[in-house]
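**Student:** Structure below; questions to follow.
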Amino acid sequence: MLPALAWFAHIARHRSFTKAATEMEVTRAALSQHLKGLEQHLKVRLLNRTTRDMSLTEEGQRLLDVLQPALTAIERAVGELGEVHTEPSGLIRMNSSRVAARLLLEPHMAEFLARYPRLRLELVMDDGFSNIVAEGLDAGIRLGESLDEHMVAVPVTPPLEMAIVGSPAYFERHGVPETPADLMKHNCLAYRFTSSGTIDRWSFTSPDAEARTVVFEPQGNAVFNDDDSMLRGALQGVGLVQHIDLCVSRYLDEGSLIRVLAPWCRPFPGFFLYVPSRAQMPAKTRTLMDFLVEKRVGLAQSSEFRSAAKNRYQRGKKA
């Protein structure tokens, strides 16, 4: 019955069996037969037709008024599906931590949306790991260490390091820690994850051949759930903080922050874009992935990243 309804709508729109048959690439006789079967099924006449003229009956007009919006929506949806392999369009809903959004998305958002004007982006900020399939999201960005090994993911930054930093004024007052054990004597500012409510612990690896792992939970006089606020605390000399080296490279270069314990901080997989599946990936998702991989190459060549790599050792040793 559904095909017959669609064929009726085409006939009614053209007011011609011949034009409708040409558009649908069927014979005029086939159209006439389907319309006759529909009228018999509904027990009502839909069209008044003679050898020269055609018009809708009152019942036919009511049926067309209901059908036309639905068929238009279906045609639009089918057309958009057909565009999956052409120009990317539609809404991309993605999950990201606030740090990743500030580092990887916000600096390039204007360029991305200008390059692909038919795309829209919705960012869902969440520091916890998100089940993008269950939550109806298209993609997410997370640190590689937090991803399941079976997750479909691509790196969108080079490897990174966590950096322990503080202001020159703070170190003048309290001295410089030489090992993680020395941190017990320092005011270490904490970061609390909004998703789990847990404190972010600082993990270190000894620089000797044993490569021992040392885990430290900061016990300072302030706790934050926003990394920008936490950094401002460090810049004001309140205490020491842990942050991604790339996020603090500017402050290290200008001397407003100094890095310590650099030999104890090993590189780890950086941020990854993860998606539900590679199979039949929508053009919009593929476009986002390709764009962020493109920016990954640029990030590795940027002065900020080269500065971060340099500061990993030089600034730490000087401190």
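Residue numbering restarts at 1 for every chain of the structure tokens, chains are lettered A, B, ... in their displayed order, and ligands are numbered from 1 as they appear.
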Can you pull out the residues contacting A:Gly166? Cut-off 10 Å, using only C-alpha atoms, and skip same-chain residues under 3 positions away; I want them as a PyMOL selection string.
**Tutor:** chain A and resi 163+169-171+176+188+231+233-242+252+256-260
**Student:** Just the helix (DSSP H, G or I) stuff from stretch 203-236 of chain A, please, per backbone DSSP, written as a ChimeraX atom specification.
**Tutor:** /A:227-235
**Student:** Can I get the selection written as a CSV table (one decimal), in the first residue's frame, with C-alpha atoms?
**Tutor:**
chain,number,residue,atom,x,y,z
A,227,ASP,CA,42.1,23.7,34.9
A,228,ASP,CA,42.3,27.4,34.1
A,229,SER,CA,41.4,28.3,37.7
A,230,MET,CA,44.0,25.8,38.9
A,231,LEU,CA,46.7,27.4,36.6
A,232,ARG,CA,45.8,30.8,37.9
A,233,GLY,CA,46.5,29.6,41.4
A,234,ALA,CA,49.9,28.4,40.4
A,235,LEU,CA,50.7,31.7,38.6
**Student:** List every residue of stretch 43-145 of chain A that DSSP, applied to the backbone, labels as strand (DSSP E), and write the result as number ranges by chain.
**Tutor:** A: 47-49, 54-56, 90-96, 119-125, 139-143
**Student:** As a PyMOL selection string, please: the residues near stretch 116-118 of chain A (cut-off 8 Å, only C-alpha atoms, same-chain neighbours under 5 positions excluded).
**Tutor:** chain A and resi 88-90
**Student:** Suppose we keep N, CA, C and O atoms; can you now write the selection as an mmCIF file, in the first residue's frame?
**Tutor:**
data_model
loop_
_atom_site.group_PDB
_atom_site.id
_atom_site.type_symbol
_atom_site.label_atom_id
_atom_site.label_comp_id
_atom_site.auth_asym_id
_atom_site.auth_seq_id
_atom_site.Cartn_x
_atom_site.Cartn_y
_atom_site.Cartn_z
ATOM 1 N N PRO A 88 30.064 16.816 3.181
ATOM 2 C CA PRO A 88 29.632 16.531 4.553
ATOM 3 C C PRO A 88 28.608 17.552 5.035
ATOM 4 O O PRO A 88 28.741 18.751 4.787
ATOM 5 N N SER A 89 27.598 17.066 5.717
ATOM 6 C CA SER A 89 26.563 17.948 6.243
ATOM 7 C C SER A 89 25.960 17.325 7.489
ATOM 8 O O SER A 89 26.151 16.152 7.776
ATOM 9 N N GLY A 90 25.225 18.140 8.244
ATOM 10 C CA GLY A 90 24.518 17.642 9.414
ATOM 11 C C GLY A 90 25.193 18.047 10.717
ATOM 12 O O GLY A 90 26.155 18.820 10.752
#
**Student:** Need to verify the contact set: A:Ala100, 9 Å, only C-alpha atoms, exclusion of same-chain residues closer than 2 positions in sequence. Can you return it as a list in words?
**Tutor:**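 Contacts, in chain order: Ser96, Ser97, Arg98, Arg102, Leu103, Leu104, Leu105, Glu106, Ile141, Arg142, Leu143 and Phe271 of chain A.
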**Student:** Would you export the selected residues with C-alpha atoms as a CSV table (one decimal), in the first residue's frame, please?
**Tutor:**
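And here is the file that came out, selection_38.csv:
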chain,number,residue,atom,x,y,z
A,96,SER,CA,35.3,16.1,25.1
A,97,SER,CA,37.1,17.0,28.2
A,98,ARG,CA,37.4,20.7,28.8
A,102,ARG,CA,40.5,24.2,24.7
A,103,LEU,CA,43.6,22.7,23.3
A,104,LEU,CA,42.3,21.0,20.1
A,105,LEU,CA,38.9,22.3,19.2
A,106,GLU,CA,38.4,25.9,20.2
A,141,ILE,CA,38.2,13.0,22.5
A,142,ARG,CA,40.1,11.4,25.4
A,143,LEU,CA,43.7,10.7,26.5
A,271,PHE,CA,44.7,12.7,22.9
**Student:** Under the rule that only C-alpha atoms are counted, which of A:Ser16, A:Thr72, A:Ser167, A:Ser195 is the nearest residue to A:Asn48?
**Tutor:**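 When distances to A:Asn48 are compared using only C-alpha atoms, the smallest one comes from A:Ser16.
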**Student:** Would you work out the distance separating atom CA of A:Arg201 from atom CA of A:Phe216, expressed in Å to one decimal?
**Tutor:**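 It comes out at 5.7 Å.
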**Student:** Any idea what's packed within 12 Å of A:Leu63, counting only C-alpha atoms, ignoring anything in its chain fewer than 2 positions away? Could you give it as a VMD selection string?
**Tutor:** chain A and resid 5 to 6 8 to 9 12 38 to 39 42 44 to 47 56 to 61 65 to 70
**Student:** Keeping N, CA, C and O atoms, export the residues of the selection given above as a short mmCIF file (atom, residue, chain, number, x, y, z; two decimals), in the first residue's frame.
**Tutor:**
data_model
loop_
_atom_site.label_atom_id
_atom_site.label_comp_id
_atom_site.auth_asym_id
_atom_site.auth_seq_id
_atom_site.Cartn_x
_atom_site.Cartn_y
_atom_site.Cartn_z
N LEU A 5 0.56 4.66 -2.37
CA LEU A 5 0.34 6.01 -1.86
C LEU A 5 1.34 7.00 -2.45
O LEU A 5 0.99 8.13 -2.81
N ALA A 6 2.59 6.56 -2.55
CA ALA A 6 3.61 7.43 -3.14
C ALA A 6 3.32 7.69 -4.61
O ALA A 6 3.47 8.83 -5.09
N PHE A 8 0.38 7.66 -6.03
CA PHE A 8 -0.77 8.56 -6.09
C PHE A 8 -0.32 10.01 -5.89
O PHE A 8 -0.77 10.92 -6.60
N ALA A 9 0.59 10.23 -4.93
CA ALA A 9 1.05 11.59 -4.66
C ALA A 9 1.76 12.17 -5.88
O ALA A 9 1.60 13.35 -6.20
N ALA A 12 -0.97 13.04 -8.46
CA ALA A 12 -1.72 14.22 -8.03
C ALA A 12 -0.89 15.50 -8.17
O ALA A 12 -1.42 16.55 -8.53
N LEU A 38 -5.42 1.12 -5.34
CA LEU A 38 -5.49 1.92 -4.12
C LEU A 38 -6.91 2.38 -3.86
O LEU A 38 -7.40 2.34 -2.71
N GLU A 39 -7.59 2.84 -4.88
CA GLU A 39 -8.98 3.30 -4.72
C GLU A 39 -9.88 2.15 -4.29
O GLU A 39 -10.78 2.34 -3.44
N LEU A 42 -9.17 1.51 -0.57
CA LEU A 42 -9.71 2.55 0.32
C LEU A 42 -11.23 2.71 0.18
O LEU A 42 -11.85 3.39 0.99
N VAL A 44 -12.82 4.41 -2.08
CA VAL A 44 -13.13 5.81 -2.34
C VAL A 44 -12.44 6.23 -3.63
O VAL A 44 -11.36 5.73 -3.96
N ARG A 45 -13.06 7.14 -4.37
CA ARG A 45 -12.43 7.67 -5.58
C ARG A 45 -11.52 8.83 -5.19
O ARG A 45 -11.91 9.73 -4.44
N LEU A 46 -10.30 8.80 -5.71
CA LEU A 46 -9.31 9.82 -5.38
C LEU A 46 -9.14 10.84 -6.48
O LEU A 46 -8.80 12.00 -6.22
N LEU A 47 -9.37 10.42 -7.73
CA LEU A 47 -9.21 11.32 -8.87
C LEU A 47 -10.43 11.27 -9.76
O LEU A 47 -11.01 10.20 -9.99
N LEU A 56 -8.50 16.32 -8.53
CA LEU A 56 -8.61 15.58 -7.27
C LEU A 56 -10.03 15.65 -6.73
O LEU A 56 -10.67 16.71 -6.78
N THR A 57 -10.50 14.54 -6.22
CA THR A 57 -11.75 14.58 -5.47
C THR A 57 -11.49 15.20 -4.11
O THR A 57 -10.32 15.41 -3.72
N GLU A 58 -12.54 15.48 -3.36
CA GLU A 58 -12.35 16.03 -2.01
C GLU A 58 -11.55 15.06 -1.15
O GLU A 58 -10.66 15.47 -0.40
N GLU A 59 -11.86 13.77 -1.26
CA GLU A 59 -11.13 12.75 -0.49
C GLU A 59 -9.67 12.67 -0.95
O GLU A 59 -8.75 12.52 -0.13
N GLY A 60 -9.46 12.78 -2.26
CA GLY A 60 -8.10 12.74 -2.79
C GLY A 60 -7.27 13.92 -2.31
O GLY A 60 -6.07 13.77 -1.99
N GLN A 61 -7.88 15.11 -2.23
CA GLN A 61 -7.16 16.28 -1.76
C GLN A 61 -6.78 16.14 -0.29
O GLN A 61 -5.66 16.50 0.10
N ASP A 65 -2.95 16.13 1.13
CA ASP A 65 -2.50 17.10 2.13
C ASP A 65 -1.76 16.41 3.28
O ASP A 65 -0.84 17.00 3.88
N VAL A 66 -2.15 15.18 3.59
CA VAL A 66 -1.47 14.43 4.65
C VAL A 66 -0.18 13.81 4.13
O VAL A 66 0.86 13.80 4.81
N LEU A 67 -0.24 13.28 2.92
CA LEU A 67 0.91 12.57 2.37
C LEU A 67 2.08 13.47 2.01
O LEU A 67 3.24 13.11 2.22
N GLN A 68 1.78 14.65 1.45
CA GLN A 68 2.84 15.46 0.87
C GLN A 68 3.94 15.85 1.85
O GLN A 68 5.14 15.70 1.55
N PRO A 69 3.62 16.35 3.06
CA PRO A 69 4.70 16.69 4.01
C PRO A 69 5.55 15.47 4.38
O PRO A 69 6.77 15.58 4.50
N ALA A 70 4.88 14.32 4.59
CA ALA A 70 5.62 13.12 4.98
C ALA A 70 6.55 12.68 3.85
O ALA A 70 7.72 12.32 4.09
#
**Student:** Set the distance at 9 Å and use only C-alpha atoms: which residues neighbour A:Ala21 once local chain neighbours fewer than 5 positions away are removed? I'd like the list as a VMD selection string.
**Tutor:** chain A and resid 7 10 to 11 16 26 to 31
**Student:** Could you pull the residues within 10 Å of A:Leu147, counting only C-alpha atoms, minus those fewer than 2 positions along the same chain, as a list in words?
**Tutor:**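 Result of the neighbour search: Phe129, Ile141, Arg142, Leu143, Gly144, Glu145, Glu149, His150, Met151, Val152, Ala153, Phe271, Phe272, Leu273 and Tyr274 of chain A.
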